[in-house]
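**Student:** I'd like to ask some things about the structure below.
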Amino acid sequence: MPKPLKPGPTGVSLDYTDAPPKNPVDARRWIQEAVRNGCYTATDHLGQRLRQRRLDMDDLFFAIAHPRKVEPYPDMPRNGGTCWRLYGPDLEQEQEIGVGIEAYLDERGRWTVLCTIFAVRE
């Protein structure tokens with residue numbers, strides 16, 4: 001049985017063992033907590049997609065804070081975590097956007113990689 005991890009320097013509560021989220025409710029909570037605590041990285045691809053879609057990080061953060069849906073995504077995780085698609089409104093609430101995310105755990109605590117952002121056709 002793996003030992004629970006100790007809280008990292010961010011002070012994130014690690015009341016779990018060593019597994020990334022496995023369901024949408026836990027994934028939403030994990031991702032929001034990591035972003036709030038600044039425990040995230042963004043890919044170069046994300047920056048390209050933001051510019052291409054005329055969106056910015058505020059739009060992405062608003063969608064993460066106000067998701068309408070979170071679902072697993074069958075992509076191969078690069079950090080040993082689990083991959084998710086989160087859907088929510090942009091900052092002006094004019095369009096629905098999707099955010100591709102990997103939630104993972106390392107010695108510092110709960111982290112997330114913001115991988116991509118896409119417009120959702122309704």
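Residues are referred to by chain and number: the chain letter is A, B, ... according to the order shown in the structure tokens, the number counts from 1 in that chain, and ligands are numbered separately from 1 in the order shown.
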I want to know what sits within 6 Å of region 56-62 of chain A, based on only C-alpha atoms, with residues of the same chain fewer than 2 positions away left out; could you give that as a compact mmCIF listing (two decimals) with N, CA, C and O atoms, in the first residue's frame?
**Tutor:**
# COMPACT_ATOMS: atom_id res chain seq x y z
N LEU A 50 -4.56 29.74 -28.31
CA LEU A 50 -5.18 30.95 -27.77
C LEU A 50 -5.11 32.08 -28.80
O LEU A 50 -6.11 32.75 -29.06
N ILE A 64 -12.35 27.28 -16.55
CA ILE A 64 -11.97 26.33 -15.51
C ILE A 64 -12.72 26.61 -14.21
O ILE A 64 -13.14 25.68 -13.52
N ALA A 65 -12.93 27.87 -13.89
CA ALA A 65 -13.65 28.23 -12.66
C ALA A 65 -15.15 27.96 -12.76
O ALA A 65 -15.81 27.78 -11.73
N ASP A 90 -16.38 31.36 -22.09
CA ASP A 90 -15.26 32.30 -22.04
C ASP A 90 -15.60 33.43 -21.08
O ASP A 90 -16.70 33.45 -20.51
N LEU A 91 -14.68 34.35 -20.87
CA LEU A 91 -14.85 35.41 -19.88
C LEU A 91 -16.10 36.25 -20.12
O LEU A 91 -16.82 36.60 -19.19
**Student:** Which residues come within 12 Å of Gln32 (chain A), counting only C-alpha atoms, excluding same-chain residues fewer than 5 positions away, as an MDAnalysis selection string?
**Tutor:** chainID A and resid 12 25:27 37:40 60:67 70 86 101 103 110:114
**Student:** Expressed in Å to a single decimal, how great is the separation between CA of Glu33 (chain A) and CA of Trp84 (chain A)?
**Tutor:**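 One can read the CA of Glu33 (chain A) to CA of Trp84 (chain A) distance as 15.0 Å.
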**Student:** Can you tell me, as number ranges by chain, what residues are no more than 8 Å from Arg85 (chain A) when counting only C-alpha atoms, ignoring any on the same chain fewer than 6 positions away?
**Tutor:** A: 70-73, 98-101
**Student:** Write the residues of the selection above to a file with all heavy atoms, as a PDB file, in the first residue's frame.
**Tutor:**
ATOM      1  N   VAL A  70     -17.136  18.217 -17.340  1.00  0.00           N
ATOM      2  CA  VAL A  70     -15.774  17.681 -17.308  1.00  0.00           C
ATOM      3  C   VAL A  70     -15.884  16.216 -17.693  1.00  0.00           C
ATOM      4  O   VAL A  70     -16.717  15.492 -17.150  1.00  0.00           O
ATOM      5  CB  VAL A  70     -15.143  17.816 -15.900  1.00  0.00           C
ATOM      6  CG1 VAL A  70     -13.753  17.197 -15.871  1.00  0.00           C
ATOM      7  CG2 VAL A  70     -15.099  19.270 -15.456  1.00  0.00           C
ATOM      8  N   GLU A  71     -15.058  15.796 -18.639  1.00  0.00           N
ATOM      9  CA  GLU A  71     -15.108  14.397 -19.058  1.00  0.00           C
ATOM     10  C   GLU A  71     -13.707  13.872 -19.319  1.00  0.00           C
ATOM     11  O   GLU A  71     -12.796  14.644 -19.668  1.00  0.00           O
ATOM     12  CB  GLU A  71     -15.988  14.233 -20.297  1.00  0.00           C
ATOM     13  CG  GLU A  71     -15.495  14.954 -21.520  1.00  0.00           C
ATOM     14  CD  GLU A  71     -16.466  14.880 -22.692  1.00  0.00           C
ATOM     15  OE1 GLU A  71     -17.666  14.683 -22.463  1.00  0.00           O
ATOM     16  OE2 GLU A  71     -16.007  15.019 -23.832  1.00  0.00           O
ATOM     17  N   PRO A  72     -13.508  12.575 -19.136  1.00  0.00           N
ATOM     18  CA  PRO A  72     -12.194  12.002 -19.404  1.00  0.00           C
ATOM     19  C   PRO A  72     -11.873  12.087 -20.893  1.00  0.00           C
ATOM     20  O   PRO A  72     -12.767  12.080 -21.739  1.00  0.00           O
ATOM     21  CB  PRO A  72     -12.314  10.553 -18.948  1.00  0.00           C
ATOM     22  CG  PRO A  72     -13.757  10.284 -18.809  1.00  0.00           C
ATOM     23  CD  PRO A  72     -14.473  11.585 -18.690  1.00  0.00           C
ATOM     24  N   TYR A  73     -10.583  12.163 -21.177  1.00  0.00           N
ATOM     25  CA  TYR A  73     -10.127  12.208 -22.557  1.00  0.00           C
ATOM     26  C   TYR A  73      -9.089  11.105 -22.723  1.00  0.00           C
ATOM     27  O   TYR A  73      -8.172  10.994 -21.910  1.00  0.00           O
ATOM     28  CB  TYR A  73      -9.522  13.581 -22.854  1.00  0.00           C
ATOM     29  CG  TYR A  73      -9.127  13.745 -24.290  1.00  0.00           C
ATOM     30  CD1 TYR A  73     -10.091  13.815 -25.292  1.00  0.00           C
ATOM     31  CD2 TYR A  73      -7.795  13.809 -24.657  1.00  0.00           C
ATOM     32  CE1 TYR A  73      -9.732  13.958 -26.618  1.00  0.00           C
ATOM     33  CE2 TYR A  73      -7.424  13.958 -25.982  1.00  0.00           C
ATOM     34  CZ  TYR A  73      -8.398  14.027 -26.957  1.00  0.00           C
ATOM     35  OH  TYR A  73      -8.049  14.168 -28.271  1.00  0.00           O
ATOM     36  N   GLY A  98     -13.534  24.677 -24.857  1.00  0.00           N
ATOM     37  CA  GLY A  98     -13.055  23.453 -24.243  1.00  0.00           C
ATOM     38  C   GLY A  98     -11.585  23.596 -23.914  1.00  0.00           C
ATOM     39  O   GLY A  98     -10.847  24.270 -24.634  1.00  0.00           O
ATOM     40  N   VAL A  99     -11.175  22.969 -22.838  1.00  0.00           N
ATOM     41  CA  VAL A  99      -9.784  23.019 -22.411  1.00  0.00           C
ATOM     42  C   VAL A  99      -9.294  21.586 -22.242  1.00  0.00           C
ATOM     43  O   VAL A  99      -9.919  20.801 -21.541  1.00  0.00           O
ATOM     44  CB  VAL A  99      -9.628  23.792 -21.082  1.00  0.00           C
ATOM     45  CG1 VAL A  99      -8.159  23.920 -20.716  1.00  0.00           C
ATOM     46  CG2 VAL A  99     -10.301  25.154 -21.129  1.00  0.00           C
ATOM     47  N   GLY A 100      -8.206  21.258 -22.905  1.00  0.00           N
ATOM     48  CA  GLY A 100      -7.566  19.953 -22.748  1.00  0.00           C
ATOM     49  C   GLY A 100      -6.540  20.032 -21.636  1.00  0.00           C
ATOM     50  O   GLY A 100      -5.678  20.916 -21.652  1.00  0.00           O
ATOM     51  N   ILE A 101      -6.638  19.122 -20.665  1.00  0.00           N
ATOM     52  CA  ILE A 101      -5.840  19.210 -19.441  1.00  0.00           C
ATOM     53  C   ILE A 101      -5.341  17.836 -19.030  1.00  0.00           C
ATOM     54  O   ILE A 101      -6.054  16.839 -19.165  1.00  0.00           O
ATOM     55  CB  ILE A 101      -6.710  19.790 -18.296  1.00  0.00           C
ATOM     56  CG1 ILE A 101      -7.155  21.204 -18.641  1.00  0.00           C
ATOM     57  CG2 ILE A 101      -5.987  19.745 -16.961  1.00  0.00           C
ATOM     58  CD1 ILE A 101      -8.190  21.773 -17.711  1.00  0.00           C
TER      59      ILE A 101
END
**Student:** Restricting the calculation to only C-alpha atoms, which member of A:Arg54, A:Arg78, A:Arg28, A:Arg68 is positioned closest to Ala119 (chain A)?
**Tutor:**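 Counting only C-alpha atoms, the residue closest to Ala119 (chain A) is A:Arg54.
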